[in-house]
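Asks: One file: protein_35.json (JSON, C-alpha atoms).
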```json
[["chain", "number", "residue", "atom", "x", "y", "z"],
["A", 1, "MET", "CA", 19.05, -9.85, -12.65],
["A", 2, "SER", "CA", 17.98, -9.52, -16.26],
["A", 3, "LYS", "CA", 15.40, -7.00, -17.39],
["A", 4, "SER", "CA", 13.01, -9.80, -18.33],
["A", 5, "SER", "CA", 13.07, -11.41, -14.86],
["A", 6, "ALA", "CA", 12.69, -7.99, -13.18],
["A", 7, "SER", "CA", 9.61, -7.29, -15.30],
["A", 8, "HIS", "CA", 7.96, -10.47, -13.97],
["A", 9, "ARG", "CA", 8.13, -9.28, -10.39],
["A", 10, "ARG", "CA", 4.92, -8.12, -8.79],
["A", 11, "ILE", "CA", 4.42, -4.80, -7.06],
["A", 12, "ILE", "CA", 4.10, -5.19, -3.29],
["A", 13, "LEU", "CA", 4.11, -1.50, -2.29],
["A", 14, "ALA", "CA", 3.68, 1.93, -3.90],
["A", 15, "GLY", "CA", 4.06, 5.18, -2.00],
["A", 16, "ALA", "CA", 6.87, 7.09, -0.28],
["A", 17, "ASN", "CA", 9.35, 6.39, 2.52],
["A", 18, "PRO", "CA", 11.35, 9.46, 3.54],
["A", 19, "GLY", "CA", 13.92, 8.82, 6.24],
["A", 20, "LEU", "CA", 16.64, 10.32, 8.37],
["A", 21, "ARG", "CA", 19.56, 9.55, 10.59],
["A", 22, "LEU", "CA", 20.87, 12.14, 13.04],
["A", 23, "PHE", "CA", 24.47, 11.98, 14.30],
["A", 24, "ASP", "CA", 26.44, 13.36, 17.24],
["A", 25, "GLU", "CA", 29.79, 15.16, 16.87],
["A", 26, "HIS", "CA", 31.62, 11.79, 16.99],
["A", 27, "GLY", "CA", 29.63, 10.31, 14.08],
["A", 28, "LYS", "CA", 27.43, 8.09, 16.27],
["A", 29, "VAL", "CA", 23.77, 7.74, 15.26],
["A", 30, "THR", "CA", 21.52, 9.49, 17.78],
["A", 31, "ALA", "CA", 18.18, 8.88, 16.02],
["A", 32, "TYR", "CA", 16.70, 7.10, 13.02],
["A", 33, "ALA", "CA", 13.25, 7.71, 11.55],
["A", 34, "SER", "CA", 11.41, 6.06, 8.69],
["A", 35, "ILE", "CA", 8.22, 7.83, 7.60],
["A", 36, "TRP", "CA", 5.80, 5.84, 5.44],
["A", 37, "MET", "CA", 3.03, 7.10, 3.17],
["A", 38, "VAL", "CA", 1.69, 3.94, 1.56],
["A", 39, "ASP", "CA", -0.71, 4.57, -1.31],
["A", 40, "TRP", "CA", -1.15, 0.83, -1.89],
["A", 41, "SER", "CA", 0.47, -2.38, -0.70],
["A", 42, "ILE", "CA", -0.29, -6.06, -0.34],
["A", 43, "ARG", "CA", -0.99, -5.19, 3.34],
["A", 44, "GLY", "CA", -3.15, -2.10, 2.78],
["A", 45, "SER", "CA", -2.54, 1.63, 2.72],
["A", 46, "GLY", "CA", -1.89, 4.32, 5.28],
["A", 47, "THR", "CA", 0.80, 6.28, 7.11],
["A", 48, "ALA", "CA", 3.30, 5.17, 9.73],
["A", 49, "VAL", "CA", 6.41, 6.33, 11.56],
["A", 50, "VAL", "CA", 9.17, 4.02, 12.76],
["A", 51, "LEU", "CA", 11.51, 5.79, 15.20],
["A", 52, "TRP", "CA", 14.69, 4.52, 16.86],
["A", 53, "PHE", "CA", 16.01, 6.66, 19.67],
["A", 54, "ASP", "CA", 18.07, 5.76, 22.73],
["A", 55, "GLY", "CA", 17.80, 2.03, 22.01],
["A", 56, "ILE", "CA", 14.00, 2.07, 21.82],
["A", 57, "VAL", "CA", 12.05, 1.33, 18.63],
["A", 58, "ARG", "CA", 8.60, 2.92, 18.32],
["A", 59, "VAL", "CA", 6.12, 2.17, 15.54],
["A", 60, "VAL", "CA", 3.15, 4.53, 15.27],
["A", 61, "SER", "CA", 0.18, 4.22, 12.89],
["A", 62, "GLU", "CA", -3.61, 4.05, 12.84],
["A", 63, "ASP", "CA", -3.14, 0.67, 11.09],
["A", 64, "VAL", "CA", -0.80, -1.21, 13.44],
["A", 65, "ASP", "CA", -0.82, -4.34, 11.27],
["A", 66, "LEU", "CA", 0.44, -2.39, 8.24],
["A", 67, "ALA", "CA", 2.98, -0.52, 10.38],
["A", 68, "SER", "CA", 4.29, -3.71, 11.99],
["A", 69, "TRP", "CA", 4.77, -5.25, 8.53],
["A", 70, "LEU", "CA", 6.63, -2.13, 7.32],
["A", 71, "GLU", "CA", 8.96, -2.26, 10.33],
["A", 72, "GLN", "CA", 9.60, -6.02, 10.11],
["A", 73, "TYR", "CA", 9.68, -6.53, 6.35],
["A", 74, "PHE", "CA", 11.43, -3.34, 5.23],
["A", 75, "VAL", "CA", 12.99, -1.19, 7.97],
["A", 76, "ARG", "CA", 14.85, -3.98, 9.79],
["A", 77, "SER", "CA", 16.67, -4.76, 6.51],
["A", 78, "PHE", "CA", 17.71, -1.18, 5.71],
["A", 79, "LEU", "CA", 21.44, -0.47, 5.84],
["A", 80, "GLU", "CA", 20.75, 2.65, 7.91],
["A", 81, "VAL", "CA", 19.69, 0.55, 10.92],
["A", 82, "GLN", "CA", 22.50, -2.01, 10.76],
["A", 83, "GLY", "CA", 24.52, -1.86, 13.97],
["A", 84, "LEU", "CA", 21.78, -0.13, 15.98],
["A", 85, "PRO", "CA", 20.46, -2.07, 18.98],
["A", 86, "TRP", "CA", 17.11, -2.98, 17.40],
["A", 87, "HIS", "CA", 14.73, -4.46, 19.95],
["A", 88, "GLU", "CA", 11.12, -5.49, 19.48],
["A", 89, "PRO", "CA", 9.20, -2.26, 18.90],
["A", 90, "ALA", "CA", 6.57, -0.59, 20.98],
["A", 91, "VAL", "CA", 3.63, -0.47, 18.55],
["A", 92, "GLU", "CA", 1.24, 2.42, 19.12],
["A", 93, "ARG", "CA", -2.13, 3.01, 17.45],
["A", 94, "ASP", "CA", -2.32, 6.75, 16.80],
["A", 95, "LEU", "CA", -2.91, 9.24, 14.00],
["A", 96, "VAL", "CA", 0.08, 9.94, 11.75],
["A", 97, "GLN", "CA", -0.06, 13.18, 9.74],
["A", 98, "VAL", "CA", 2.49, 13.85, 7.02],
["A", 99, "SER", "CA", 2.85, 16.84, 4.72],
["A", 100, "MET", "CA", 5.61, 16.58, 2.12],
["A", 101, "ASN", "CA", 6.66, 18.11, -1.16],
["A", 102, "LEU", "CA", 9.93, 18.01, -3.07],
["A", 103, "ALA", "CA", 10.23, 21.81, -3.10],
["A", 104, "ASP", "CA", 10.03, 22.56, 0.63],
["A", 105, "GLY", "CA", 10.45, 19.40, 2.69],
["A", 106, "LEU", "CA", 8.43, 17.39, 5.18],
["A", 107, "SER", "CA", 6.51, 17.80, 8.40],
["A", 108, "ALA", "CA", 5.25, 14.71, 10.23],
["A", 109, "LYS", "CA", 3.44, 14.19, 13.51],
["A", 110, "ALA", "CA", 2.83, 10.78, 15.11],
["A", 111, "ALA", "CA", 1.65, 10.60, 18.72],
["A", 112, "ASP", "CA", 4.17, 12.80, 20.61],
["A", 113, "ILE", "CA", 6.77, 12.60, 17.79],
["A", 114, "GLN", "CA", 7.39, 15.61, 15.51],
["A", 115, "ILE", "CA", 9.72, 15.36, 12.48],
["A", 116, "GLU", "CA", 10.76, 18.25, 10.22],
["A", 117, "MET", "CA", 12.97, 18.09, 7.11],
["A", 118, "SER", "CA", 13.94, 21.02, 4.90],
["A", 119, "GLY", "CA", 16.52, 22.40, 2.50],
["A", 120, "VAL", "CA", 16.08, 20.12, -0.52],
["A", 121, "LEU", "CA", 19.49, 19.73, -2.19],
["A", 122, "ASP", "CA", 18.60, 17.72, -5.30],
["A", 123, "ARG", "CA", 15.97, 15.50, -6.91],
["A", 124, "ARG", "CA", 17.01, 12.40, -8.85],
["A", 125, "LEU", "CA", 15.81, 8.97, -9.87],
["A", 126, "PHE", "CA", 17.10, 5.86, -8.11],
["A", 127, "ALA", "CA", 16.42, 2.30, -9.28],
["A", 128, "THR", "CA", 17.83, -1.13, -8.50],
["A", 129, "ASP", "CA", 16.82, -4.73, -9.09],
["A", 130, "ASN", "CA", 19.04, -5.91, -6.24],
["A", 131, "PHE", "CA", 17.71, -4.55, -2.93],
["A", 132, "GLN", "CA", 18.05, -7.18, -0.21],
["A", 133, "LEU", "CA", 15.23, -7.49, 2.28],
["A", 134, "ALA", "CA", 14.74, -10.26, 4.83],
["A", 135, "ASP", "CA", 13.12, -12.65, 2.38],
["A", 136, "GLY", "CA", 15.38, -11.97, -0.60],
["A", 137, "ASN", "CA", 16.02, -9.78, -3.58],
["A", 138, "HIS", "CA", 13.61, -6.94, -4.52],
["A", 139, "SER", "CA", 13.35, -4.24, -7.15],
["A", 140, "LEU", "CA", 13.02, -0.63, -6.02],
["A", 141, "SER", "CA", 12.53, 2.59, -7.96],
["A", 142, "LEU", "CA", 11.92, 6.05, -6.54],
["A", 143, "VAL", "CA", 12.62, 9.74, -6.77],
["A", 144, "ILE", "CA", 14.96, 10.76, -3.94],
["A", 145, "ALA", "CA", 15.58, 14.27, -2.63],
["A", 146, "PRO", "CA", 18.39, 14.61, -0.07],
["A", 147, "VAL", "CA", 17.84, 17.47, 2.41],
["A", 148, "ARG", "CA", 20.15, 19.79, 4.32],
["A", 149, "SER", "CA", 18.48, 19.67, 7.72],
["A", 150, "ALA", "CA", 16.14, 17.59, 9.84],
["A", 151, "THR", "CA", 14.91, 17.61, 13.41],
["A", 152, "VAL", "CA", 13.09, 15.13, 15.63],
["A", 153, "SER", "CA", 11.32, 15.99, 18.86],
["A", 154, "ILE", "CA", 9.57, 13.70, 21.32],
["A", 155, "GLY", "CA", 7.06, 15.22, 23.71],
["A", 156, "GLY", "CA", 8.34, 18.68, 22.75],
["A", 157, "ALA", "CA", 11.98, 17.87, 23.62],
["A", 158, "SER", "CA", 14.48, 18.00, 20.77],
["A", 159, "VAL", "CA", 16.41, 14.83, 20.03],
["A", 160, "PRO", "CA", 20.15, 15.64, 19.85],
["A", 161, "GLY", "CA", 22.01, 15.26, 16.59],
["A", 162, "PHE", "CA", 22.39, 16.68, 13.14],
["A", 163, "VAL", "CA", 22.17, 15.61, 9.50],
["A", 164, "GLN", "CA", 25.36, 14.59, 7.70],
["A", 165, "VAL", "CA", 25.55, 16.11, 4.21],
["A", 166, "ASP", "CA", 28.10, 14.73, 1.76],
["A", 167, "GLY", "CA", 28.54, 13.93, -1.92],
["A", 168, "SER", "CA", 29.43, 16.44, -4.59],
["A", 169, "PRO", "CA", 27.78, 19.66, -5.81],
["A", 170, "ASP", "CA", 26.30, 17.81, -8.81],
["A", 171, "LYS", "CA", 25.19, 14.79, -6.70],
["A", 172, "PRO", "CA", 24.73, 15.81, -3.06],
["A", 173, "GLY", "CA", 23.97, 13.18, -0.45],
["A", 174, "SER", "CA", 22.49, 13.41, 3.00],
["A", 175, "SER", "CA", 21.56, 11.24, 5.95],
["A", 176, "ALA", "CA", 18.05, 12.74, 5.59],
["A", 177, "PHE", "CA", 16.00, 12.43, 2.44],
["A", 178, "LEU", "CA", 12.54, 12.64, 0.94],
["A", 179, "THR", "CA", 11.18, 10.08, -1.51],
["A", 180, "THR", "CA", 8.21, 9.87, -3.83],
["A", 181, "ALA", "CA", 7.01, 7.59, -6.61],
["A", 182, "GLU", "CA", 8.45, 4.69, -4.60],
["A", 183, "VAL", "CA", 7.66, 1.24, -5.98],
["A", 184, "TRP", "CA", 8.83, -2.03, -4.40],
["A", 185, "GLN", "CA", 8.59, -5.28, -6.35],
["A", 186, "ARG", "CA", 9.18, -8.88, -5.29]]
```
Could you spell out this file's structure in C-alpha coordinates?
Replies:
Amino acid sequence: MSKSSASHRRIILAGANPGLRLFDEHGKVTAYASIWMVDWSIRGSGTAVVLWFDGIVRVVSEDVDLASWLEQYFVRSFLEVQGLPWHEPAVERDLVQVSMNLADGLSAKAADIQIEMSGVLDRRLFATDNFQLADGNHSLSLVIAPVRSATVSIGGASVPGFVQVDGSPDKPGSSAFLTTAEVWQR
(Lines of atoms letter the chains of each structure in order from A and count residues from 1; the text may use other names and numbers.)
(Lines give C-alpha, C1' and ligand atoms only; values in the text may rest on other atoms or scores of the structure.)
Protein backbone atom coordinates (compact mmCIF):
# COMPACT_ATOMS: atom_id res chain seq x y z
CA MET A 1 0.00 0.00 0.00
CA SER A 2 1.36 3.42 -0.87
CA LYS A 3 1.73 6.16 1.69
CA SER A 4 -0.93 8.23 -0.07
CA SER A 5 -3.59 5.49 0.09
CA ALA A 6 -2.73 4.77 3.74
CA SER A 7 -3.21 8.44 4.59
CA HIS A 8 -6.77 8.30 3.21
CA ARG A 9 -7.81 5.62 5.66
CA ARG A 10 -10.02 6.65 8.53
CA ILE A 11 -9.32 5.96 12.18
CA ILE A 12 -11.68 3.34 13.61
CA LEU A 13 -10.07 2.88 17.05
CA ALA A 14 -7.56 4.63 19.31
CA GLY A 15 -6.42 3.21 22.64
CA ALA A 16 -4.41 0.22 23.85
CA ASN A 17 -4.66 -3.56 23.53
CA PRO A 18 -2.14 -5.41 25.70
CA GLY A 19 -2.25 -9.17 25.35
CA LEU A 20 -0.73 -12.45 26.44
CA ARG A 21 -0.46 -16.10 25.65
CA LEU A 22 0.62 -18.59 28.31
CA PHE A 23 2.18 -21.93 27.33
CA ASP A 24 2.72 -25.32 28.96
CA GLU A 25 6.09 -27.13 28.98
CA HIS A 26 5.26 -28.70 25.57
CA GLY A 27 4.63 -25.33 23.87
CA LYS A 28 0.84 -25.67 23.86
CA VAL A 29 -1.19 -22.51 24.55
CA THR A 30 -2.91 -22.75 27.93
CA ALA A 31 -4.50 -19.27 27.97
CA TYR A 32 -4.93 -16.19 25.79
CA ALA A 33 -6.04 -12.76 26.99
CA SER A 34 -6.69 -9.54 25.12
CA ILE A 35 -7.15 -6.47 27.33
CA TRP A 36 -8.74 -3.42 25.71
CA MET A 37 -8.62 0.21 26.83
CA VAL A 38 -10.47 2.05 24.08
CA ASP A 39 -10.17 5.83 24.28
CA TRP A 40 -12.30 6.27 21.15
CA SER A 41 -13.71 4.05 18.42
CA ILE A 42 -16.49 4.00 15.87
CA ARG A 43 -18.33 1.81 18.43
CA GLY A 44 -17.65 3.89 21.55
CA SER A 45 -15.09 3.82 24.32
CA GLY A 46 -14.44 1.70 27.37
CA THR A 47 -12.54 -1.29 28.73
CA ALA A 48 -12.92 -4.99 27.97
CA VAL A 49 -11.21 -8.32 28.51
CA VAL A 50 -11.38 -11.23 26.08
CA LEU A 51 -10.12 -14.46 27.67
CA TRP A 52 -9.66 -17.91 26.12
CA PHE A 53 -9.03 -20.72 28.57
CA ASP A 54 -9.79 -24.43 28.36
CA GLY A 55 -11.74 -24.00 25.11
CA ILE A 56 -14.04 -21.33 26.53
CA VAL A 57 -14.09 -17.72 25.31
CA ARG A 58 -15.22 -15.07 27.80
CA VAL A 59 -15.82 -11.42 26.94
CA VAL A 60 -16.22 -9.06 29.90
CA SER A 61 -17.08 -5.34 29.77
CA GLU A 62 -19.57 -2.80 31.07
CA ASP A 63 -20.31 -2.07 27.38
CA VAL A 64 -21.10 -5.52 25.96
CA ASP A 65 -21.80 -4.13 22.48
CA LEU A 66 -18.32 -2.57 22.28
CA ALA A 67 -16.72 -5.71 23.74
CA SER A 68 -18.54 -8.02 21.32
CA TRP A 69 -17.34 -5.89 18.40
CA LEU A 70 -13.74 -5.98 19.70
CA GLU A 71 -13.87 -9.78 19.99
CA GLN A 72 -15.51 -10.33 16.59
CA TYR A 73 -13.82 -7.63 14.52
CA PHE A 74 -10.30 -7.72 15.96
CA VAL A 75 -9.48 -10.62 18.29
CA ARG A 76 -10.81 -13.43 16.08
CA SER A 77 -8.42 -12.25 13.33
CA PHE A 78 -5.29 -12.08 15.51
CA LEU A 79 -2.56 -14.60 14.70
CA GLU A 80 -2.27 -15.44 18.40
CA VAL A 81 -5.70 -17.14 18.40
CA GLN A 82 -5.29 -19.08 15.15
CA GLY A 83 -5.56 -22.79 15.88
CA LEU A 84 -7.34 -22.33 19.22
CA PRO A 85 -10.83 -23.84 19.43
CA TRP A 86 -12.69 -20.50 19.30
CA HIS A 87 -16.37 -20.93 20.12
CA GLU A 88 -19.03 -18.26 20.47
CA PRO A 89 -18.11 -16.31 23.59
CA ALA A 90 -19.89 -15.97 26.87
CA VAL A 91 -20.46 -12.20 27.05
CA GLU A 92 -20.63 -10.81 30.58
CA ARG A 93 -21.59 -7.28 31.64
CA ASP A 94 -19.23 -6.38 34.49
CA LEU A 95 -16.75 -3.72 35.54
CA VAL A 96 -13.28 -3.97 33.99
CA GLN A 97 -10.48 -2.14 35.81
CA VAL A 98 -7.06 -1.76 34.20
CA SER A 99 -3.95 -0.06 35.51
CA MET A 100 -1.00 0.01 33.11
CA ASN A 101 2.23 1.87 32.54
CA LEU A 102 5.24 1.10 30.38
CA ALA A 103 7.62 1.23 33.35
CA ASP A 104 6.02 -1.35 35.64
CA GLY A 105 3.42 -3.41 33.79
CA LEU A 106 -0.30 -4.07 34.00
CA SER A 107 -2.94 -5.16 36.47
CA ALA A 108 -6.46 -5.91 35.22
CA LYS A 109 -9.60 -7.19 36.91
CA ALA A 110 -12.76 -8.24 35.06
CA ALA A 111 -15.47 -10.15 36.92
CA ASP A 112 -13.56 -13.06 38.55
CA ILE A 113 -10.57 -12.71 36.18
CA GLN A 114 -7.28 -11.19 37.40
CA ILE A 115 -4.38 -10.51 35.00
CA GLU A 116 -0.90 -9.30 35.98
CA MET A 117 2.01 -8.47 33.66
CA SER A 118 5.45 -7.25 34.72
CA GLY A 119 9.12 -7.06 33.81
CA VAL A 120 9.07 -4.71 30.82
CA LEU A 121 11.88 -5.77 28.46
CA ASP A 122 11.76 -3.03 25.83
CA ARG A 123 9.63 -0.25 24.34
CA ARG A 124 9.50 0.26 20.58
CA LEU A 125 7.30 1.55 17.80
CA PHE A 126 5.44 -0.86 15.52
CA ALA A 127 3.56 0.19 12.38
CA THR A 128 2.10 -1.59 9.37
CA ASP A 129 -0.31 -0.76 6.57
CA ASN A 130 -1.03 -4.45 5.98
CA PHE A 131 -2.80 -5.92 9.03
CA GLN A 132 -5.48 -8.37 7.93
CA LEU A 133 -8.74 -8.37 9.84
CA ALA A 134 -11.94 -10.15 8.87
CA ASP A 135 -13.10 -7.45 6.48
CA GLY A 136 -9.73 -6.68 4.88
CA ASN A 137 -6.54 -4.72 5.14
CA HIS A 138 -5.98 -2.20 7.98
CA SER A 139 -3.24 0.14 9.15
CA LEU A 140 -1.97 -0.20 12.71
CA SER A 141 0.56 1.81 14.68
CA LEU A 142 1.43 1.44 18.36
CA VAL A 143 4.12 1.42 21.00
CA ILE A 144 4.74 -2.15 22.15
CA ALA A 145 6.48 -3.27 25.33
CA PRO A 146 7.16 -7.01 25.63
CA VAL A 147 7.18 -8.26 29.24
CA ARG A 148 9.02 -11.04 31.06
CA SER A 149 6.13 -12.46 33.08
CA ALA A 150 2.35 -12.65 33.20
CA THR A 151 -0.25 -14.48 35.22
CA VAL A 152 -3.97 -15.11 34.87
CA SER A 153 -6.26 -16.27 37.64
CA ILE A 154 -9.96 -17.10 37.51
CA GLY A 155 -11.91 -17.10 40.74
CA GLY A 156 -8.63 -16.96 42.66
CA ALA A 157 -7.20 -20.10 40.98
CA SER A 158 -4.06 -19.63 38.88
CA VAL A 159 -4.27 -20.62 35.23
CA PRO A 160 -1.33 -22.90 34.37
CA GLY A 161 1.31 -21.75 31.94
CA PHE A 162 4.14 -19.32 31.46
CA VAL A 163 5.25 -16.56 29.11
CA GLN A 164 7.62 -17.42 26.26
CA VAL A 165 10.41 -14.84 25.93
CA ASP A 166 12.50 -14.82 22.77
CA GLY A 167 14.21 -12.44 20.36
CA SER A 168 17.59 -10.85 20.91
CA PRO A 169 19.01 -8.60 23.64
CA ASP A 170 18.53 -5.53 21.42
CA LYS A 171 15.01 -6.59 20.29
CA PRO A 172 13.43 -8.91 22.87
CA GLY A 173 10.10 -10.55 22.14
CA SER A 174 7.52 -12.11 24.39
CA SER A 175 4.17 -13.86 24.25
CA ALA A 176 2.97 -11.13 26.67
CA PHE A 177 3.10 -7.45 25.85
CA LEU A 178 1.78 -4.03 26.72
CA THR A 179 0.69 -1.50 24.10
CA THR A 180 -0.14 2.18 24.07
CA ALA A 181 -0.79 4.87 21.47
CA GLU A 182 -2.56 2.19 19.43
CA VAL A 183 -4.34 3.47 16.32
CA TRP A 184 -6.28 1.27 13.88
CA GLN A 185 -7.30 2.62 10.48
CA ARG A 186 -9.52 1.16 7.78
Asks: Could you check which of A:Phe126, A:Trp86, A:Phe23, A:Phe162 is closest to Ile56 in chain A, using all atoms listed in the file?
Replies: A:Trp86
Asks: Can you check which parts of range 4-29 of chain A lie within 12 Å of range 69-76 of chain A? Per residue, the shortest pair of atoms and distance in Å to one decimal, counting all atoms listed in the file, sorted by chain and number, as CSV.
Replies:
```
residue,atom,partner,partner_atom,distance
A:Ile12,CA,A:Tyr73,CA,11.2
A:Leu13,CA,A:Leu70,CA,10.0
A:Ala16,CA,A:Leu70,CA,12.0
A:Asn17,CA,A:Val75,CA,10.0
A:Pro18,CA,A:Val75,CA,11.7
A:Gly19,CA,A:Val75,CA,10.2
```
Asks: Calculate how many Å separate CA of Asp122 in chain A from CA of Ser175 in chain A, rounding to one decimal.
Replies: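 Distance between the two atoms: 13.3 Å.
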Asks: So which one's closest to Phe131 in chain A, A:Ile11, A:Ala33, A:Ser61, A:Leu79? Using only C-alpha atoms, please.
Replies: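 Answer, going by the shortest atom-to-atom distance: A:Leu79.
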Asks: Enter the distance from CA of Asp112 in chain A to CA of Leu95 in chain A, in Å, rounded to one decimal.
Replies: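 Separation of CA of Asp112 in chain A and CA of Leu95 in chain A: 10.3 Å.
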Asks: By how many Å are CA of Asp24 in chain A and CA of Arg148 in chain A apart?
Replies: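 A separation of 15.7 Å between them.
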Asks: For each of A:Leu22, A:Ala111, A:Val50, A:Ala181, take the minimum atom-to-atom distance to Leu140 in chain A, counting only C-alpha atoms, then give the residue where this is smallest.
Replies: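 The closest residue to Leu140 in chain A is A:Ala181.
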Asks: For Ala157 in chain A, list every protein, DNA or RNA residue within 12 Å, evaluated using all atoms listed in the file, and leave out those in the same chain fewer than 2 positions away; present the list as a list in words.
Replies: Asp112, Ile113, Gln114, Ile115, Thr151, Val152, Ser153, Ile154, Gly155, Val159 and Pro160 of chain A
Asks: Any chance you could build range 122-133 of chain A out to all heavy atoms and write it as a short mmCIF file (atom, residue, chain, number, x, y, z; two decimals), in the frame of the given file?
Replies:
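For reference, rebuild23.cif as written:
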```cif
data_model
loop_
_atom_site.label_atom_id
_atom_site.label_comp_id
_atom_site.auth_asym_id
_atom_site.auth_seq_id
_atom_site.Cartn_x
_atom_site.Cartn_y
_atom_site.Cartn_z
N ASP A 122 18.61 18.32 -3.96
CA ASP A 122 18.60 17.72 -5.30
C ASP A 122 17.35 16.86 -5.42
O ASP A 122 16.71 16.53 -4.42
CB ASP A 122 19.86 16.86 -5.48
CG ASP A 122 20.10 16.41 -6.91
OD1 ASP A 122 19.54 17.03 -7.84
OD2 ASP A 122 20.86 15.44 -7.10
N ARG A 123 17.03 16.46 -6.63
CA ARG A 123 15.97 15.50 -6.91
C ARG A 123 16.49 14.62 -8.03
O ARG A 123 16.89 15.12 -9.08
CB ARG A 123 14.69 16.20 -7.36
CG ARG A 123 14.06 17.04 -6.28
CD ARG A 123 13.26 18.21 -6.89
NE ARG A 123 13.14 19.30 -5.93
CZ ARG A 123 14.02 20.28 -5.80
NH1 ARG A 123 15.09 20.34 -6.55
NH2 ARG A 123 13.83 21.23 -4.90
N ARG A 124 16.51 13.30 -7.80
CA ARG A 124 17.01 12.40 -8.85
C ARG A 124 16.34 11.03 -8.72
O ARG A 124 15.84 10.66 -7.66
CB ARG A 124 18.52 12.27 -8.80
CG ARG A 124 19.11 11.75 -7.52
CD ARG A 124 20.64 11.77 -7.55
NE ARG A 124 21.22 11.37 -6.30
CZ ARG A 124 21.58 12.20 -5.32
NH1 ARG A 124 21.42 13.50 -5.46
NH2 ARG A 124 22.10 11.74 -4.21
N LEU A 125 16.39 10.31 -9.82
CA LEU A 125 15.81 8.97 -9.87
C LEU A 125 16.80 7.95 -9.34
O LEU A 125 18.01 8.05 -9.59
CB LEU A 125 15.46 8.63 -11.33
CG LEU A 125 14.79 7.27 -11.55
CD1 LEU A 125 13.42 7.24 -10.88
CD2 LEU A 125 14.64 7.03 -13.04
N PHE A 126 16.30 6.98 -8.58
CA PHE A 126 17.10 5.86 -8.11
C PHE A 126 16.34 4.58 -8.46
O PHE A 126 15.12 4.51 -8.27
CB PHE A 126 17.31 5.92 -6.60
CG PHE A 126 17.96 4.68 -6.04
CD1 PHE A 126 19.33 4.51 -6.10
CD2 PHE A 126 17.18 3.66 -5.50
CE1 PHE A 126 19.93 3.36 -5.61
CE2 PHE A 126 17.76 2.50 -5.01
CZ PHE A 126 19.14 2.36 -5.07
N ALA A 127 17.05 3.59 -8.98
CA ALA A 127 16.42 2.30 -9.28
C ALA A 127 17.45 1.19 -9.13
O ALA A 127 18.62 1.37 -9.47
CB ALA A 127 15.85 2.31 -10.70
N THR A 128 16.99 0.06 -8.61
CA THR A 128 17.83 -1.13 -8.50
C THR A 128 16.94 -2.37 -8.59
O THR A 128 15.78 -2.33 -8.17
CB THR A 128 18.64 -1.15 -7.19
OG1 THR A 128 19.46 -2.32 -7.17
CG2 THR A 128 17.75 -1.15 -5.96
N ASP A 129 17.49 -3.44 -9.10
CA ASP A 129 16.82 -4.73 -9.09
C ASP A 129 17.46 -5.66 -8.07
O ASP A 129 17.23 -6.86 -8.09
CB ASP A 129 16.88 -5.38 -10.48
CG ASP A 129 15.95 -4.70 -11.46
OD1 ASP A 129 14.89 -4.21 -11.04
OD2 ASP A 129 16.29 -4.64 -12.66
N ASN A 130 18.28 -5.09 -7.18
CA ASN A 130 19.04 -5.91 -6.24
C ASN A 130 19.02 -5.30 -4.84
O ASN A 130 20.06 -5.05 -4.25
CB ASN A 130 20.48 -6.06 -6.75
CG ASN A 130 21.25 -7.09 -5.97
OD1 ASN A 130 20.67 -8.02 -5.42
ND2 ASN A 130 22.56 -6.93 -5.91
N PHE A 131 17.83 -5.06 -4.29
CA PHE A 131 17.71 -4.55 -2.93
C PHE A 131 17.36 -5.73 -2.03
O PHE A 131 16.30 -6.35 -2.18
CB PHE A 131 16.62 -3.48 -2.85
CG PHE A 131 16.74 -2.61 -1.63
CD1 PHE A 131 17.18 -1.30 -1.75
CD2 PHE A 131 16.44 -3.10 -0.36
CE1 PHE A 131 17.31 -0.49 -0.62
CE2 PHE A 131 16.57 -2.30 0.77
CZ PHE A 131 17.00 -0.99 0.63
N GLN A 132 18.24 -6.02 -1.09
CA GLN A 132 18.05 -7.18 -0.21
C GLN A 132 17.17 -6.82 0.98
O GLN A 132 17.49 -5.93 1.75
CB GLN A 132 19.41 -7.68 0.28
CG GLN A 132 20.27 -8.27 -0.80
CD GLN A 132 19.65 -9.50 -1.44
OE1 GLN A 132 19.14 -10.38 -0.75
NE2 GLN A 132 19.68 -9.54 -2.76
N LEU A 133 16.06 -7.54 1.10
CA LEU A 133 15.23 -7.49 2.28
C LEU A 133 15.28 -8.87 2.93
O LEU A 133 15.91 -9.79 2.39
CB LEU A 133 13.79 -7.10 1.93
CG LEU A 133 13.59 -5.69 1.36
CD1 LEU A 133 12.14 -5.47 0.99
CD2 LEU A 133 14.06 -4.64 2.35
#
```
